Structures are given as C-alpha cells and as structure tokens.
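Coordinates from query.cif are shown below (mmCIF, C-alpha atoms).
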data_entry
loop_
_atom_site.label_atom_id
_atom_site.label_comp_id
_atom_site.auth_asym_id
_atom_site.auth_seq_id
_atom_site.Cartn_x
_atom_site.Cartn_y
_atom_site.Cartn_z
CA MET H 20 159.26 78.98 196.16
CA ARG H 21 156.18 76.89 196.97
CA LEU H 22 156.03 73.26 195.86
CA LEU H 23 153.34 70.60 195.90
CA ILE H 24 154.26 66.92 196.28
CA VAL H 25 151.57 64.40 195.32
CA GLU H 26 152.91 61.03 196.41
CA ASP H 27 151.05 58.13 198.02
CA GLU H 28 154.19 56.59 199.56
CA LYS H 29 153.94 58.53 202.81
CA ARG H 30 157.48 57.87 204.00
CA LEU H 31 158.91 59.08 200.70
CA ALA H 32 156.64 62.13 200.65
CA THR H 33 157.61 63.01 204.22
CA ALA H 34 161.32 62.60 203.50
CA LEU H 35 161.09 64.76 200.37
CA ALA H 36 159.09 67.45 202.16
CA ARG H 37 161.57 67.52 205.03
CA GLY H 38 164.58 67.71 202.71
CA LEU H 39 163.10 70.37 200.45
CA GLY H 40 161.93 72.35 203.45
CA ALA H 41 165.51 72.41 204.71
CA GLU H 42 166.50 73.85 201.32
CA GLY H 43 164.17 76.78 201.92
CA PHE H 44 161.15 75.65 199.90
CA ALA H 45 157.60 75.81 201.23
CA VAL H 46 156.15 72.34 200.66
CA ASP H 47 152.56 71.07 200.65
CA VAL H 48 151.87 67.33 200.45
CA ALA H 49 148.93 65.26 199.20
CA HIS H 50 148.76 61.46 199.33
CA ASP H 51 146.13 60.84 196.66
CA GLY H 52 145.36 62.24 193.26
CA THR H 53 141.99 63.74 194.13
CA GLU H 54 143.41 65.84 196.95
CA GLY H 55 146.45 66.68 194.84
CA LEU H 56 144.34 67.99 191.99
CA HIS H 57 142.25 70.03 194.42
CA LEU H 58 145.34 71.64 195.96
CA ALA H 59 146.91 72.27 192.55
CA THR H 60 143.81 74.06 191.27
CA THR H 61 143.10 76.12 194.40
CA ASN H 62 146.63 77.26 195.28
CA ASP H 63 149.43 78.99 193.41
CA TYR H 64 152.51 76.73 193.19
CA ASP H 65 155.88 77.28 191.56
CA LEU H 66 156.35 73.56 190.80
CA LEU H 67 154.47 70.26 191.15
CA ILE H 68 156.04 66.87 191.89
CA LEU H 69 153.56 64.21 190.78
CA ASP H 70 153.76 60.47 191.27
CA ILE H 71 152.12 58.74 188.31
CA MET H 72 150.48 55.81 190.12
CA LEU H 73 148.13 57.44 192.62
CA PRO H 74 144.83 56.45 194.22
CA GLY H 75 141.87 58.52 193.07
CA THR H 76 143.31 60.33 190.07
CA ASN H 77 146.63 59.38 188.53
CA GLY H 78 149.46 61.77 187.76
CA TYR H 79 148.83 61.68 184.01
CA ARG H 80 145.25 62.86 184.49
CA ILE H 81 146.24 65.57 186.99
CA CYS H 82 148.81 66.97 184.58
CA ALA H 83 146.48 66.78 181.59
CA THR H 84 143.69 68.49 183.53
CA LEU H 85 145.94 71.36 184.57
CA ARG H 86 147.29 71.87 181.07
CA ALA H 87 143.80 71.81 179.58
CA ALA H 88 142.88 74.61 182.01
CA GLY H 89 145.86 76.67 180.85
CA ASP H 90 147.95 76.05 183.98
CA GLU H 91 151.63 76.07 182.95
CA THR H 92 153.12 75.34 186.38
CA PRO H 93 156.22 73.14 185.87
CA VAL H 94 155.53 69.45 186.54
CA LEU H 95 158.13 66.87 187.52
CA MET H 96 156.73 63.33 187.35
CA LEU H 97 157.90 60.46 189.55
CA THR H 98 157.21 56.81 188.89
CA ALA H 99 158.37 53.34 189.86
CA LYS H 100 157.80 52.33 186.22
CA ASP H 101 160.74 52.24 183.86
CA GLY H 102 160.19 52.40 180.15
CA GLU H 103 160.17 54.71 177.17
CA TYR H 104 156.39 54.42 176.80
CA ASP H 105 155.76 55.67 180.34
CA GLU H 106 158.13 58.58 179.89
CA ALA H 107 156.58 59.52 176.53
CA GLU H 108 153.07 59.36 177.96
CA GLY H 109 154.06 61.57 180.88
CA LEU H 110 155.65 64.16 178.61
CA ASP H 111 152.75 64.01 176.16
CA THR H 112 150.32 65.01 178.91
CA GLY H 113 152.36 68.16 179.50
CA ALA H 114 154.94 67.17 182.13
CA ASP H 115 158.22 69.10 181.99
CA ASP H 116 160.51 66.39 183.35
CA TYR H 117 160.45 62.77 184.45
CA LEU H 118 162.33 60.87 187.15
CA THR H 119 162.22 57.12 187.75
CA LYS H 120 162.30 55.65 191.26
CA PRO H 121 164.58 54.98 192.97
CA PHE H 122 166.33 58.27 192.37
CA SER H 123 169.08 60.31 193.96
CA TYR H 124 167.85 63.21 196.09
CA VAL H 125 170.71 65.31 194.68
CA VAL H 126 169.45 64.63 191.15
CA LEU H 127 165.87 65.45 192.17
CA LEU H 128 166.99 68.76 193.67
CA ALA H 129 169.00 69.61 190.55
CA ARG H 130 165.98 68.85 188.33
CA ILE H 131 163.74 71.03 190.53
CA ARG H 132 166.14 73.97 190.41
CA ALA H 133 166.53 73.61 186.64
CA LEU H 134 162.75 73.71 186.13
CA LEU H 135 162.41 76.74 188.39
CA ARG H 136 165.20 78.54 186.54
CA ARG H 137 163.35 78.03 183.27
CA ARG H 138 160.26 79.61 184.77
CA THR H 139 161.96 82.71 186.18
CA ARG H 140 163.36 85.42 183.99
CA GLY H 141 163.76 83.34 180.88
CA GLY H 142 165.65 80.64 182.71
CA ALA H 143 168.45 82.86 184.02
CA PRO H 144 170.45 80.91 186.63
CA VAL H 145 171.36 84.19 188.35
CA LEU H 146 169.09 86.96 189.63
CA ARG H 147 170.50 90.49 189.72
CA VAL H 148 168.94 93.58 191.26
CA GLY H 149 171.46 96.41 191.09
CA ASP H 150 174.66 95.11 192.70
CA LEU H 151 172.71 92.42 194.58
CA THR H 152 173.21 88.96 193.04
CA LEU H 153 171.42 85.73 193.90
CA GLU H 154 172.47 82.31 192.65
CA PRO H 155 169.49 80.05 193.49
CA SER H 156 171.19 76.82 192.44
CA ALA H 157 174.03 77.39 194.91
CA ARG H 158 171.94 79.44 197.34
CA ARG H 159 174.53 82.23 197.26
CA CYS H 160 173.90 85.90 197.84
CA LEU H 161 176.40 88.62 197.00
CA ARG H 162 176.36 92.37 197.45
CA GLY H 163 178.87 93.50 194.88
CA THR H 164 181.71 91.00 195.28
CA GLU H 165 181.10 90.31 198.97
CA GLU H 166 179.15 87.19 199.87
CA VAL H 167 176.32 87.58 202.38
CA THR H 168 175.42 84.58 204.53
CA LEU H 169 171.68 83.91 204.68
CA THR H 170 169.62 81.18 206.29
CA ALA H 171 167.52 78.98 204.00
CA LYS H 172 164.33 80.85 204.85
CA GLU H 173 165.97 84.28 204.50
CA PHE H 174 167.22 83.27 201.07
CA ALA H 175 163.77 82.00 200.10
CA VAL H 176 162.14 85.33 201.06
CA LEU H 177 164.79 87.31 199.19
CA GLU H 178 164.57 85.05 196.12
CA TYR H 179 160.80 85.52 195.99
CA LEU H 180 161.27 89.29 196.09
CA ALA H 181 164.10 89.17 193.52
CA VAL H 182 162.07 87.20 190.98
CA ARG H 183 159.48 89.98 191.27
CA ALA H 184 161.96 92.86 191.53
CA GLY H 185 160.30 96.25 191.11
CA GLN H 186 156.86 94.85 191.94
CA VAL H 187 154.98 95.24 195.20
CA VAL H 188 154.73 91.85 196.94
CA SER H 189 152.19 91.49 199.75
CA LYS H 190 152.88 89.87 203.09
CA ALA H 191 150.19 87.30 202.25
CA ASP H 192 151.97 86.38 198.99
CA ILE H 193 155.25 85.89 200.83
CA LEU H 194 153.59 83.73 203.48
CA GLU H 195 151.84 81.64 200.82
CA HIS H 196 154.96 80.98 198.75
CA VAL H 197 157.75 80.80 201.32
CA TRP H 198 155.88 79.02 204.08
CA ASP H 199 153.10 76.46 203.39
CA PHE H 200 149.34 76.21 203.71
CA ALA H 201 149.66 74.46 207.10
CA TYR H 202 151.44 77.46 208.64
CA ASN H 203 149.17 79.01 211.28
CA GLY H 204 151.69 81.05 213.24
CA ASP H 205 152.06 84.80 213.53
CA PRO H 206 151.90 86.44 210.07
CA ASN H 207 154.28 89.08 211.41
CA ILE H 208 157.01 86.47 210.91
CA VAL H 209 157.40 88.06 207.46
CA GLU H 210 158.40 91.36 209.07
CA VAL H 211 160.99 89.54 211.16
CA TYR H 212 162.63 88.11 208.04
CA ILE H 213 162.44 91.41 206.14
CA SER H 214 164.20 93.11 209.07
CA ALA H 215 166.85 90.38 209.13
CA LEU H 216 167.44 90.80 205.39
CA ARG H 217 167.79 94.55 205.73
CA ARG H 218 170.40 94.06 208.45
CA LYS H 219 172.36 91.68 206.23
CA ILE H 220 172.05 92.89 202.64
CA ASP H 221 171.45 96.61 203.14
CA ALA H 222 172.73 98.13 206.38
CA PRO H 223 176.39 96.99 206.11
CA PHE H 224 176.59 98.34 202.54
CA GLY H 225 174.75 101.61 202.97
CA ARG H 226 171.84 100.38 200.84
CA ARG H 227 168.06 100.55 201.14
CA SER H 228 166.86 98.03 198.60
CA ILE H 229 163.80 96.59 200.39
CA ALA H 230 161.11 99.24 200.59
CA THR H 231 157.95 98.98 202.66
CA VAL H 232 154.91 100.04 200.65
CA ARG H 233 152.45 101.04 203.33
CA GLY H 234 149.31 98.94 203.31
CA ALA H 235 150.50 96.88 200.33
CA GLY H 236 153.71 94.98 201.09
CA TYR H 237 157.35 95.17 200.07
CA ARG H 238 159.30 96.01 196.93
CA LEU H 239 162.88 95.02 196.12
CA ALA H 240 164.79 97.42 193.86
CA ALA H 241 168.37 98.42 193.21
CA GLY H 242 169.55 99.74 196.56
CA HIS H 243 170.92 103.23 197.00
CA GLY H 244 172.48 104.88 199.98
#
How does the structure come out when it is put into structure tokens?
Amino acid sequence: MRLLIVEDEKRLATALARGLGAEGFAVDVAHDGTEGLHLATTNDYDLLILDIMLPGTNGYRICATLRAAGDETPVLMLTAKDGEYDEAEGLDTGADDYLTKPFSYVVLLARIRALLRRRTRGGAPVLRVGDLTLEPSARRCLRGTEEVTLTAKEFAVLEYLAVRAGQVVSKADILEHVWDFAYNGDPNIVEVYISALRRKIDAPFGRRSIATVRGAGYRLAAGHG
C-alpha cells in the first residue's frame, strides 16, 4: 500500500515514514501543503496522512479540494490542536479519521490499517484467495492452516495482488504502490519478489497461484497443482 504523509515537522515526518516503511508500506513525504496537494493529485495513493497546520495550503483545504474533485482516498488528519470544533471541521471537509498530537505510533498504525480495511473488499479484515489467507492487520499469511513467513516487502507485494485478485497487475503498478516515487533502482526488483513469493506460498504446497501474463504483469488466483 502506498501512503502520502504531508507534515511540516520534518523529524516527525521522517520518523513516521521510517516506521511505516518498516511495516511494508511505500511512503512519500511532503513538508508543505502546496507540494502535498500536488503529489496527492498526480499520484495514486491508498491513504493520506495530513497535518492540518501546514505552510502553503492547510490540511483542511487539501482534503476539501480532493473531495470536490471526486477523490475518495482515505484521509487521516493530524493536528496539535485539541478541540471538538477542530475535529468537526476536519471531518466536515471529508476526512475519514482524526488524531491529535502527541499520539501513540501503535494507535496511528491501528487507525491506518482500519481505514485501509474499509477501502478494500468492503472492509474485510481478511483477504482470501482460494486456500491462501492474508491478515493485513497482523501481517500473517497462511496457506490452508500452515503459516508462511514473509518479509514486510514480500507481504506488501502479495497484499497488493490479493486486493486485486483475478486482475492483471502490471510491474509498474506494483513498483508505484509497494515502493515509493523516490525509488530509482532496478525495476526487475519486482520479479525478484514474485519469485520469492512463489517459492514460499506456492512451491511447498504444490500450487501455482501467481501467474505471469506476458507483456502485462501478474495475476493472483486460487492456486492449483
């Protein structure tokens, strides 16, 4: 999943990006509202984390602008303010949730996962493709009843495919959503992770659930021997 953090407190933004990156998210960061709005309208994100008090354009205006354009990307607002009026204003502009600073990172992560669950498959907390089960909130993967150990990035690639099970997903889409816009390494890194997933979730169980669609990308479906 690809997230955008718009936060002018650079140390906080860096800490959040590092922590969420370790959880397997691809994270882009902007430190002012103008840049944040530009990134939000030119890239496809799964969730936005917006500080309210920002230089350039504030979080309220960013959220309102996106909603007016029909963009329904989940928005979690952060603010140092504390008051019912601020929360109401944030929600009235179209934000999906609200968190007051200082906050617990554990709570932030739980709120993010809850918002993402609502967006995928009607909010189902579990993704199932045949006998393959993913629990995003716990980052667990099971083939049947047997748990499969995945790295954070492996899980992120598999989760992206699982949310779009049955659809062809291009290598570019995977790079855009699982890595971030600053990634300028070898795009064949996607093939490396697909191969690793096949070794872990397919080969030991006699399955072939990740198909290569020549010239188009990959498709995850219920695996068969």
- So how far away is CA of Thr112 (chain H) from CA of Ala83 (chain H), in Å?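 Going from CA of Ala83 (chain H) over to CA of Thr112 (chain H) covers 5.0 Å.
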- Please identify all polymer residues within 9 Å of Glu178 (chain H), counting all atoms listed in the file, omitting same-chain residues fewer than 2 positions from it, and present them as a list of chain:residue names. H:Met20, H:Leu146, H:Leu153, H:Pro155, H:Glu173, H:Phe174, H:Ala175, H:Val176, H:Leu180, H:Ala181, H:Val182, H:Arg183
- Contact residues around Ser228 (chain H) with all atoms listed in the file at 10 Å, ignoring same-chain residues under 2 positions, as a PyMOL selection string: chain H and resi 148-149+151+216-217+220-222+225-226+230-231+238-244
- Item | One-decimal distance in Å that lies between CA of Val197 (chain H) and CA of Tyr179 (chain H) |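 According to the coordinates, CA of Tyr179 (chain H) and CA of Val197 (chain H) are separated by 7.7 Å.
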- Message: Translate the PyMOL selection byres ((chain H and resi 29-44) around 6) into a concrete residue list for this structure, as a ChimeraX atom specification.
- Response: /H:20-21,26-28,45-46,171-172,175
- Mind pulling up the distance from CA of Trp198 (chain H) to CA of Thr152 (chain H)?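 Between CA of Thr152 (chain H) and CA of Trp198 (chain H) the gap is 22.8 Å.
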- One residue among H:Leu177, H:Val94, H:Ile81, H:Ala191 is nearest to Ile213 (chain H) when using all atoms listed in the file, and that residue is H:Leu177
- Task: Would you kindly translate the PyMOL selection byres ((chain H and resi 120) around 9) into the concrete residues it picks from this file, as a list in words?
- Result: Leu97, Thr98, Ala99, Lys100, Asp101, Leu118, Thr119, Pro121, Phe122 and Ser123 of chain H
- Counting all atoms listed in the file, what is within 7 Å of region 74-78 of chain H, bar same-chain residues fewer than 4 positions away, as a ChimeraX atom specification? /H:51-53,69-70,82
- region 60-65 of chain H surroundings by all atoms listed in the file, 7 Å radius, close-in-sequence under 2 positions cut, as a list in words: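 Listing them by chain and then by number gives Met20, Arg21, Leu22, Leu23, Leu56, His57, Leu58 and Thr92 of chain H.
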Could you rebuild region 162-173 of chain H with all heavy atoms and give me the result as a PDB file, in the frame of the given file?
ATOM      1  N   ARG H 162     176.557  90.937 197.631  1.00  0.00           N
ATOM      2  CA  ARG H 162     176.360  92.370 197.450  1.00  0.00           C
ATOM      3  C   ARG H 162     177.661  92.875 196.853  1.00  0.00           C
ATOM      4  O   ARG H 162     178.688  92.899 197.518  1.00  0.00           O
ATOM      5  CB  ARG H 162     176.064  93.052 198.784  1.00  0.00           C
ATOM      6  CG  ARG H 162     175.969  94.565 198.696  1.00  0.00           C
ATOM      7  CD  ARG H 162     174.770  95.012 197.868  1.00  0.00           C
ATOM      8  NE  ARG H 162     173.522  95.042 198.611  1.00  0.00           N
ATOM      9  CZ  ARG H 162     172.367  95.438 198.090  1.00  0.00           C
ATOM     10  NH1 ARG H 162     172.318  95.794 196.803  1.00  0.00           N
ATOM     11  NH2 ARG H 162     171.259  95.442 198.802  1.00  0.00           N
ATOM     12  N   GLY H 163     177.633  93.208 195.584  1.00  0.00           N
ATOM     13  CA  GLY H 163     178.870  93.500 194.880  1.00  0.00           C
ATOM     14  C   GLY H 163     179.667  92.203 194.769  1.00  0.00           C
ATOM     15  O   GLY H 163     179.184  91.209 194.236  1.00  0.00           O
ATOM     16  N   THR H 164     180.881  92.208 195.290  1.00  0.00           N
ATOM     17  CA  THR H 164     181.710  91.000 195.280  1.00  0.00           C
ATOM     18  C   THR H 164     181.752  90.310 196.630  1.00  0.00           C
ATOM     19  O   THR H 164     182.415  89.288 196.772  1.00  0.00           O
ATOM     20  CB  THR H 164     183.142  91.343 194.844  1.00  0.00           C
ATOM     21  OG1 THR H 164     183.686  92.309 195.761  1.00  0.00           O
ATOM     22  CG2 THR H 164     183.172  91.900 193.432  1.00  0.00           C
ATOM     23  N   GLU H 165     181.047  90.866 197.611  1.00  0.00           N
ATOM     24  CA  GLU H 165     181.100  90.310 198.970  1.00  0.00           C
ATOM     25  C   GLU H 165     179.918  89.375 199.209  1.00  0.00           C
ATOM     26  O   GLU H 165     178.755  89.752 199.014  1.00  0.00           O
ATOM     27  CB  GLU H 165     181.087  91.432 200.008  1.00  0.00           C
ATOM     28  CG  GLU H 165     181.250  90.926 201.436  1.00  0.00           C
ATOM     29  CD  GLU H 165     181.474  92.061 202.426  1.00  0.00           C
ATOM     30  OE1 GLU H 165     181.888  93.152 201.997  1.00  0.00           O
ATOM     31  OE2 GLU H 165     181.231  91.836 203.626  1.00  0.00           O
ATOM     32  N   GLU H 166     180.210  88.157 199.622  1.00  0.00           N
ATOM     33  CA  GLU H 166     179.150  87.190 199.870  1.00  0.00           C
ATOM     34  C   GLU H 166     178.460  87.481 201.195  1.00  0.00           C
ATOM     35  O   GLU H 166     179.097  87.813 202.194  1.00  0.00           O
ATOM     36  CB  GLU H 166     179.721  85.766 199.878  1.00  0.00           C
ATOM     37  CG  GLU H 166     178.647  84.695 199.998  1.00  0.00           C
ATOM     38  CD  GLU H 166     179.129  83.319 199.588  1.00  0.00           C
ATOM     39  OE1 GLU H 166     180.274  83.196 199.099  1.00  0.00           O
ATOM     40  OE2 GLU H 166     178.348  82.360 199.742  1.00  0.00           O
ATOM     41  N   VAL H 167     177.147  87.357 201.191  1.00  0.00           N
ATOM     42  CA  VAL H 167     176.320  87.580 202.380  1.00  0.00           C
ATOM     43  C   VAL H 167     175.726  86.243 202.793  1.00  0.00           C
ATOM     44  O   VAL H 167     175.098  85.552 201.979  1.00  0.00           O
ATOM     45  CB  VAL H 167     175.188  88.588 202.094  1.00  0.00           C
ATOM     46  CG1 VAL H 167     174.337  88.795 203.346  1.00  0.00           C
ATOM     47  CG2 VAL H 167     175.759  89.908 201.597  1.00  0.00           C
ATOM     48  N   THR H 168     175.925  85.857 204.028  1.00  0.00           N
ATOM     49  CA  THR H 168     175.420  84.580 204.530  1.00  0.00           C
ATOM     50  C   THR H 168     173.965  84.718 204.960  1.00  0.00           C
ATOM     51  O   THR H 168     173.639  85.550 205.809  1.00  0.00           O
ATOM     52  CB  THR H 168     176.259  84.083 205.710  1.00  0.00           C
ATOM     53  OG1 THR H 168     177.616  83.934 205.293  1.00  0.00           O
ATOM     54  CG2 THR H 168     175.738  82.742 206.221  1.00  0.00           C
ATOM     55  N   LEU H 169     173.099  83.908 204.356  1.00  0.00           N
ATOM     56  CA  LEU H 169     171.680  83.910 204.680  1.00  0.00           C
ATOM     57  C   LEU H 169     171.233  82.526 205.104  1.00  0.00           C
ATOM     58  O   LEU H 169     171.767  81.524 204.619  1.00  0.00           O
ATOM     59  CB  LEU H 169     170.845  84.352 203.472  1.00  0.00           C
ATOM     60  CG  LEU H 169     171.132  85.731 202.867  1.00  0.00           C
ATOM     61  CD1 LEU H 169     170.249  85.943 201.632  1.00  0.00           C
ATOM     62  CD2 LEU H 169     170.899  86.836 203.885  1.00  0.00           C
ATOM     63  N   THR H 170     170.233  82.464 205.973  1.00  0.00           N
ATOM     64  CA  THR H 170     169.620  81.180 206.290  1.00  0.00           C
ATOM     65  C   THR H 170     168.765  80.743 205.100  1.00  0.00           C
ATOM     66  O   THR H 170     168.482  81.536 204.202  1.00  0.00           O
ATOM     67  CB  THR H 170     168.719  81.274 207.529  1.00  0.00           C
ATOM     68  OG1 THR H 170     167.593  82.119 207.223  1.00  0.00           O
ATOM     69  CG2 THR H 170     169.483  81.868 208.720  1.00  0.00           C
ATOM     70  N   ALA H 171     168.333  79.485 205.103  1.00  0.00           N
ATOM     71  CA  ALA H 171     167.520  78.980 204.000  1.00  0.00           C
ATOM     72  C   ALA H 171     166.236  79.782 203.841  1.00  0.00           C
ATOM     73  O   ALA H 171     165.822  80.131 202.724  1.00  0.00           O
ATOM     74  CB  ALA H 171     167.188  77.500 204.222  1.00  0.00           C
ATOM     75  N   LYS H 172     165.585  80.113 204.946  1.00  0.00           N
ATOM     76  CA  LYS H 172     164.330  80.850 204.850  1.00  0.00           C
ATOM     77  C   LYS H 172     164.570  82.301 204.454  1.00  0.00           C
ATOM     78  O   LYS H 172     163.793  82.869 203.670  1.00  0.00           O
ATOM     79  CB  LYS H 172     163.583  80.788 206.193  1.00  0.00           C
ATOM     80  CG  LYS H 172     162.132  81.237 206.107  1.00  0.00           C
ATOM     81  CD  LYS H 172     161.301  80.312 205.223  1.00  0.00           C
ATOM     82  CE  LYS H 172     160.962  79.015 205.928  1.00  0.00           C
ATOM     83  NZ  LYS H 172     160.095  78.143 205.109  1.00  0.00           N
ATOM     84  N   GLU H 173     165.637  82.923 204.936  1.00  0.00           N
ATOM     85  CA  GLU H 173     165.970  84.280 204.500  1.00  0.00           C
ATOM     86  C   GLU H 173     166.210  84.313 202.997  1.00  0.00           C
ATOM     87  O   GLU H 173     165.744  85.217 202.301  1.00  0.00           O
ATOM     88  CB  GLU H 173     167.216  84.779 205.248  1.00  0.00           C
ATOM     89  CG  GLU H 173     166.971  85.099 206.709  1.00  0.00           C
ATOM     90  CD  GLU H 173     168.257  85.317 207.486  1.00  0.00           C
ATOM     91  OE1 GLU H 173     169.354  85.063 206.927  1.00  0.00           O
ATOM     92  OE2 GLU H 173     168.171  85.725 208.660  1.00  0.00           O
TER      93      GLU H 173
END
